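model15.csv (CSV, C-alpha atoms and all ligand atoms)
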chain,number,residue,atom,x,y,z
A,29,MET,CA,37.6,22.6,39.3
A,30,PHE,CA,35.3,25.6,38.8
A,31,GLN,CA,36.7,29.1,39.4
A,32,THR,CA,33.4,30.8,40.1
A,33,SER,CA,29.8,29.8,40.5
A,34,GLU,CA,29.0,31.4,37.1
A,35,THR,CA,31.4,29.2,35.3
A,36,ARG,CA,29.9,26.2,37.0
A,37,GLU,CA,26.4,27.4,36.1
A,38,SER,CA,27.3,27.9,32.4
A,39,PHE,CA,28.9,24.5,32.4
A,40,LEU,CA,25.7,22.9,33.7
A,41,TYR,CA,23.6,24.8,31.1
A,42,MET,CA,26.0,23.5,28.4
A,43,LEU,CA,25.5,20.0,29.6
A,44,VAL,CA,21.7,20.3,29.6
A,45,GLY,CA,22.0,21.8,26.1
A,46,ILE,CA,24.0,18.9,24.8
A,47,GLY,CA,21.5,16.5,26.4
A,48,VAL,CA,18.6,18.2,24.5
A,49,VAL,CA,20.5,18.0,21.2
A,50,VAL,CA,21.4,14.4,21.7
A,51,LEU,CA,17.8,13.5,22.7
A,52,THR,CA,16.4,15.3,19.7
A,53,LEU,CA,18.8,13.6,17.3
A,54,ALA,CA,18.0,10.3,18.8
A,55,THR,CA,14.2,10.6,18.5
A,56,THR,CA,14.3,12.1,15.0
A,57,SER,CA,16.7,9.5,13.6
A,58,CYS,CA,14.5,6.7,15.1
A,59,GLN,CA,11.3,8.0,13.5
A,60,PRO,CA,11.1,5.7,10.4
A,61,ALA,CA,10.8,2.7,12.6
A,62,ALA,CA,9.0,4.6,15.3
A,63,VAL,CA,6.3,2.1,16.3
A,64,GLU,CA,6.4,-1.6,15.7
A,65,ILE,CA,3.1,-2.9,14.5
A,66,SER,CA,2.2,-6.0,16.6
A,67,GLN,CA,1.9,-9.4,15.1
A,68,GLU,CA,-1.8,-9.4,16.2
A,69,ASP,CA,-2.5,-6.2,14.3
A,70,THR,CA,-0.8,-7.5,11.2
A,71,GLU,CA,-2.9,-10.7,11.4
A,72,ARG,CA,-6.1,-8.7,11.9
A,73,ALA,CA,-5.2,-6.7,8.7
A,74,GLN,CA,-4.6,-9.9,6.8
A,75,GLU,CA,-7.9,-11.4,8.0
A,76,ASN,CA,-9.8,-8.3,6.8
A,77,LEU,CA,-8.0,-8.3,3.5
A,78,LEU,CA,-8.5,-12.0,2.7
A,79,PRO,CA,-12.2,-11.9,1.6
A,80,PHE,CA,-11.4,-8.9,-0.7
A,81,LYS,CA,-8.6,-10.8,-2.4
A,82,GLN,CA,-10.6,-14.0,-2.7
A,83,GLU,CA,-13.9,-12.4,-4.0
A,84,LEU,CA,-12.0,-10.1,-6.4
A,85,LYS,CA,-10.1,-13.0,-7.9
A,86,ALA,CA,-13.3,-15.2,-8.1
A,87,ALA,CA,-15.1,-12.3,-9.8
A,88,LEU,CA,-12.3,-11.8,-12.3
A,89,VAL,CA,-11.8,-15.4,-13.2
A,90,GLY,CA,-15.6,-15.9,-13.6
A,91,ALA,CA,-15.9,-12.8,-15.7
A,92,LEU,CA,-13.0,-13.7,-17.9
A,93,GLU,CA,-14.9,-16.7,-19.2
A,94,GLU,CA,-17.3,-14.1,-20.8
A,95,GLY,CA,-14.4,-12.4,-22.4
A,96,ALA,CA,-12.0,-9.7,-21.3
A,97,GLU,CA,-14.2,-6.9,-22.6
A,98,THR,CA,-17.0,-7.7,-20.2
A,99,SER,CA,-14.6,-8.3,-17.3
A,100,ILE,CA,-13.4,-4.8,-17.5
A,101,GLU,CA,-16.8,-3.8,-16.1
A,102,ILE,CA,-16.4,-6.3,-13.4
A,103,CYS,CA,-13.0,-5.0,-12.4
A,104,ARG,CA,-14.4,-1.5,-12.5
A,105,GLU,CA,-17.5,-2.0,-10.5
A,106,LYS,CA,-16.8,-5.1,-8.4
A,107,ALA,CA,-13.4,-4.1,-7.0
A,108,PRO,CA,-14.6,-1.0,-5.1
A,109,GLU,CA,-17.9,-2.7,-4.2
A,110,ILE,CA,-16.2,-5.7,-2.6
A,111,ALA,CA,-13.6,-3.5,-0.9
A,112,ALA,CA,-16.5,-1.5,0.7
A,113,ASN,CA,-18.5,-4.5,1.8
A,114,VAL,CA,-15.9,-6.8,3.4
A,115,GLY,CA,-14.0,-6.0,6.5
A,116,GLU,CA,-15.0,-4.9,10.0
A,117,ALA,CA,-16.2,-1.5,10.9
A,118,GLY,CA,-13.5,1.2,10.7
A,119,VAL,CA,-11.5,-0.8,8.2
A,120,THR,CA,-10.8,0.5,4.7
A,121,MET,CA,-8.9,-1.3,2.0
A,122,GLY,CA,-8.2,-1.2,-1.7
A,123,ARG,CA,-5.5,-1.5,-4.4
A,124,THR,CA,-2.9,0.9,-5.5
A,125,SER,CA,0.0,1.0,-7.9
A,126,HIS,CA,3.0,3.0,-9.2
A,127,LYS,CA,1.2,2.7,-12.6
A,128,VAL,CA,-2.5,3.1,-12.1
A,129,ARG,CA,-5.3,2.4,-14.5
A,130,ASN,CA,-7.9,4.3,-12.5
A,131,PRO,CA,-6.5,7.6,-11.1
A,132,GLY,CA,-8.8,7.0,-8.1
A,133,ASN,CA,-6.4,4.2,-7.1
A,134,ALA,CA,-3.4,6.5,-7.0
A,135,PRO,CA,-1.3,6.0,-3.8
A,136,GLU,CA,-1.9,8.1,-0.7
A,137,PRO,CA,1.3,9.8,0.6
A,138,TRP,CA,1.9,7.0,3.2
A,139,MET,CA,1.8,4.4,0.5
A,140,GLU,CA,4.5,5.9,-1.7
A,141,PRO,CA,7.6,4.9,0.2
A,142,LEU,CA,6.2,1.4,0.5
A,143,LEU,CA,5.6,1.1,-3.3
A,144,ALA,CA,9.1,2.5,-3.8
A,145,ALA,CA,10.6,-0.2,-1.5
A,146,TYR,CA,8.9,-3.0,-3.3
A,147,LEU,CA,9.9,-1.6,-6.7
A,148,GLU,CA,13.5,-1.4,-5.5
A,149,ASP,CA,13.5,-5.0,-4.2
A,150,PRO,CA,10.7,-6.9,-6.0
A,151,GLU,CA,11.9,-10.2,-4.7
A,152,ASN,CA,11.0,-9.3,-1.2
A,153,ALA,CA,7.2,-10.1,-0.9
A,154,GLU,CA,7.1,-9.5,2.8
A,155,PRO,CA,4.0,-7.6,3.9
A,156,ARG,CA,4.7,-4.3,5.7
A,157,ALA,CA,2.9,-2.2,8.2
A,158,VAL,CA,3.3,1.4,9.3
A,159,ASP,CA,1.9,3.6,12.1
A,160,LEU,CA,-0.3,6.3,10.5
A,161,GLY,CA,-0.8,8.3,13.8
A,162,GLY,CA,-4.2,9.0,15.3
A,163,GLY,CA,-4.4,5.4,16.5
A,164,THR,CA,-4.5,3.9,13.0
A,165,PHE,CA,-2.0,1.8,11.0
A,166,GLY,CA,-1.6,0.9,7.4
A,167,TYR,CA,-0.8,-2.6,6.1
A,168,VAL,CA,0.3,-3.5,2.6
A,169,GLU,CA,1.2,-6.5,0.6
A,170,PRO,CA,2.6,-6.7,-2.9
A,171,ILE,CA,0.6,-7.9,-6.0
A,172,TYR,CA,2.5,-9.6,-8.8
A,173,VAL,CA,1.3,-10.2,-12.4
A,174,GLU,CA,0.0,-13.6,-13.3
A,175,SER,CA,-0.6,-14.9,-16.8
A,176,PHE,CA,-4.3,-14.2,-16.7
A,177,CYS,CA,-3.7,-10.5,-15.9
A,178,LEU,CA,-2.0,-10.0,-19.3
A,179,SER,CA,-5.2,-9.8,-21.4
A,180,CYS,CA,-5.7,-6.4,-19.7
A,181,HIS,CA,-2.3,-5.3,-18.3
A,182,GLY,CA,0.1,-7.0,-20.7
A,183,ILE,CA,2.2,-5.7,-23.6
A,184,THR,CA,-0.2,-6.8,-26.4
A,185,ILE,CA,-3.9,-6.2,-25.6
A,186,ALA,CA,-6.7,-7.3,-28.0
A,187,PRO,CA,-8.0,-4.3,-30.0
A,188,GLU,CA,-11.6,-4.4,-28.6
A,189,VAL,CA,-10.3,-4.6,-25.0
A,190,GLU,CA,-7.8,-1.9,-25.7
A,191,ALA,CA,-10.5,0.4,-27.1
A,192,ARG,CA,-12.8,-0.2,-24.0
A,193,ILE,CA,-9.9,0.5,-21.6
A,194,GLN,CA,-9.0,3.7,-23.5
A,195,GLU,CA,-12.6,4.9,-23.4
A,196,LEU,CA,-13.0,4.3,-19.7
A,197,TYR,CA,-9.4,5.2,-18.6
A,198,PRO,CA,-7.9,7.7,-20.9
A,199,GLN,CA,-5.0,8.2,-18.5
A,200,ASP,CA,-4.3,4.4,-18.2
A,201,GLN,CA,-0.7,3.6,-17.2
A,202,ALA,CA,-1.3,0.0,-16.2
A,203,ARG,CA,-0.1,-2.0,-19.2
A,204,GLY,CA,3.2,-3.3,-20.5
A,205,PHE,CA,3.5,-5.8,-17.6
A,206,ARG,CA,5.1,-9.2,-17.8
A,207,VAL,CA,4.3,-12.3,-15.7
A,208,GLY,CA,6.0,-12.0,-12.3
A,209,ASP,CA,6.3,-8.2,-12.5
A,210,PHE,CA,5.5,-6.1,-9.4
A,211,ARG,CA,2.0,-4.7,-10.2
A,212,GLY,CA,1.1,-2.8,-7.1
A,213,MET,CA,-0.2,-3.4,-3.5
A,214,PHE,CA,-3.2,-4.3,-1.6
A,215,TRP,CA,-3.6,-1.9,1.3
A,216,VAL,CA,-5.6,-1.8,4.6
A,217,LYS,CA,-6.1,1.0,7.0
A,218,MET,CA,-7.5,0.2,10.4
A,219,PRO,CA,-7.4,1.1,14.1
A,220,LEU,CA,-4.3,0.0,16.1
A,221,GLY,CA,-4.5,-2.7,18.8
A,222,GLU,CA,-8.1,-2.8,19.8
A,223,VAL,CA,-10.6,-5.6,19.5
A,224,LEU,CA,-13.2,-4.4,17.0
B,301,LIG,C1,-10.5,-8.0,-17.7
B,301,LIG,C2,-9.4,-7.0,-17.6
B,301,LIG,C3,-8.6,-7.1,-16.4
B,301,LIG,C4,-7.9,-8.2,-15.9
B,301,LIG,C5,-7.9,-9.7,-16.5
B,301,LIG,C6,-7.1,-7.8,-14.8
B,301,LIG,N1,-7.3,-6.5,-14.5
B,301,LIG,FE1,-6.5,-5.3,-13.1
B,301,LIG,N2,-7.6,-3.8,-13.6
B,301,LIG,C7,-8.5,-3.8,-14.7
B,301,LIG,C8,-9.3,-2.5,-14.6
B,301,LIG,C9,-10.4,-2.2,-15.6
B,301,LIG,C10,-8.8,-1.8,-13.5
B,301,LIG,C11,-9.3,-0.5,-13.0
B,301,LIG,C12,-10.4,-0.8,-11.9
B,301,LIG,C13,-10.9,0.5,-11.3
B,301,LIG,O1,-11.5,1.3,-12.0
B,301,LIG,O2,-10.8,0.6,-10.0
B,301,LIG,C14,-7.8,-2.6,-12.9
B,301,LIG,C15,-7.1,-2.2,-11.8
B,301,LIG,C16,-6.1,-3.0,-11.2
B,301,LIG,C17,-5.3,-2.6,-10.0
B,301,LIG,C18,-5.6,-1.3,-9.2
B,301,LIG,C19,-4.6,-0.2,-9.6
B,301,LIG,C20,-5.0,0.5,-10.9
B,301,LIG,O3,-4.2,0.3,-11.8
B,301,LIG,O4,-6.0,1.2,-10.9
B,301,LIG,C21,-4.4,-3.5,-9.8
B,301,LIG,C22,-3.4,-3.6,-8.7
B,301,LIG,C23,-4.7,-4.6,-10.8
B,301,LIG,N3,-5.7,-4.2,-11.6
B,301,LIG,C24,-4.0,-5.8,-10.8
B,301,LIG,C25,-4.4,-6.9,-11.6
B,301,LIG,C26,-3.8,-8.2,-11.5
B,301,LIG,C27,-2.7,-8.6,-10.6
B,301,LIG,C28,-4.5,-9.0,-12.3
B,301,LIG,C29,-4.3,-10.5,-12.5
B,301,LIG,C30,-4.4,-11.3,-11.3
B,301,LIG,C31,-5.5,-8.2,-13.0
B,301,LIG,N4,-5.4,-6.9,-12.5
B,301,LIG,C32,-6.3,-8.6,-14.0
B,301,LIG,C33,-8.7,-4.7,-15.6
B,301,LIG,C34,-8.2,-6.0,-15.5
Will you turn the file into structure tokens for me?
Amino acid sequence: MFQTSETRESFLYMLVGIGVVVLTLATTSCQPAAVEISQEDTERAQENLLPFKQELKAALVGALEEGAETSIEICREKAPEIAANVGEAGVTMGRTSHKVRNPGNAPEPWMEPLLAAYLEDPENAEPRAVDLGGGTFGYVEPIYVESFCLSCHGITIAPEVEARIQELYPQDQARGFRVGDFRGMFWVKMPLGEVL
């Protein structure tokens, strides 16, 4: 089949070359779904997030009884405080959105495609998890607008609440929402697959 050993050699090199190209293509095209986050890891993220969700909601509902104006302070101070105090060591969590009130809640780069995916398909409320490299993973779940959110994130906001928001958050984008709208995400960042 081969006339000379050189021809055979170059044919072999060519085969190796094709192999390398195929392998590279295969690994790059697989990257988005690179590592499956295990069910246990997803559950650990959910367990860590639960007290944050519960305490935040309780604080908000309690505060709203004192009027929306006062509750703004609760939301401002309590949300980061609760986020910092619940959860195991090495776990961080918070809230983010495509329309943030506090610029400090702006999405990190890994959160952006996840926000975009929920915005594109808001009906799909499935939580999602991604490998962040360095032995950590990110977990997110969507947040939807309920009627009691409207006093601070709705289309019409009471003038005194509006004024306080404007004062504290001059770059506020988090208004104009309707009940059922996708508002943003809870996120958790934590170490992969080890018992904490
Ligand atoms: C009393 C007013 C008030 C109510 C009611 C309220 N929020 Fe907020 N919300 C705020 C304030 C103030 C912030 C900014 C907090 C901060 O500085 O971190 C905020 C921030 C957020 C954020 C974080 C992203 C961002 O925009 O900075 C999300 C998500 C959010 N709110 C969702 C909701 C949802 C969902 C509800 C109803 C279940 C709700 N909020 C009810 C005032 C309110």
Next on the checklist: To check your reading of the model: which residues sit at most 6 Å from ligand LIG 301 (chain B) when counting all atoms listed in the file? Write the answer as a count of residues only.
Outcome noted: 24
List every residue of stretch 151-183 of chain A that has an atom at most 7 Å from any atom of stretch 63-75 of chain A, giving for each one its closest atom pair and the distance in Å to one decimal, counting all atoms listed in the file, sorted by chain and then by ascending residue number, as CSV.
residue,atom,partner,partner_atom,distance
A:Ala157,CA,A:Ile65,CA,6.3
A:Val158,CA,A:Ile65,CA,6.8
A:Asp159,CA,A:Val63,CA,6.3
A:Tyr167,CA,A:Ala73,CA,6.6
Item to check | stretch 111-119 of chain A environment, 10 Å, only C-alpha atoms, sequence neighbours closer than 4 positions dropped, as a list of chain:residue names | outcome: A:Arg72, A:Ala73, A:Glu75, A:Asn76, A:Leu77, A:Leu78, A:Pro79, A:Phe80, A:Lys81, A:Glu83, A:Leu84, A:Lys106, A:Ala107, A:Arg123, A:Thr164, A:Val216, A:Lys217, A:Met218, A:Pro219, A:Leu224
Counting all atoms listed in the file, note down every residue that has an atom within 6 Å of the point (-5.4, -2.5, -1.4) (file coordinates), as a CSV table (one decimal) with C-alpha atoms, keeping the file's coordinate frame.
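Output contents, as saved in selection-v4.csv:
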chain,number,residue,atom,x,y,z
A,121,MET,CA,-8.9,-1.3,2.0
A,122,GLY,CA,-8.2,-1.2,-1.7
A,123,ARG,CA,-5.5,-1.5,-4.4
A,124,THR,CA,-2.9,0.9,-5.5
A,213,MET,CA,-0.2,-3.4,-3.5
A,214,PHE,CA,-3.2,-4.3,-1.6
A,215,TRP,CA,-3.6,-1.9,1.3
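We find atom CA of A:Phe210 and atom CA of A:Pro170 to be spaced 7.1 Å apart.
Checking A:Asn152, A:Ser175, A:Thr98, A:Thr120 one by one against A:Ile193, counting all atoms listed in the file, you find the shortest gap at A:Thr98.
Proximity of A:Glu37, A:Leu88, A:Ile183, A:Asp209 to A:Asp149, computed with all atoms listed in the file, is greatest for A:Asp209.
Separating atom CA of A:Glu105 from atom CA of A:Met139 is a distance of 23.1 Å.
Taking all atoms listed in the file into account, A:Gly221 lies nearest to A:Gly163 out of the set A:Gln199, A:Gln194, A:Gly208, A:Gly163.
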Next on the checklist: I'd like the interatomic distance between atom CA of A:Pro131 and atom CA of A:Leu143, to a tenth of an Å.
Outcome noted: 15.8 Å
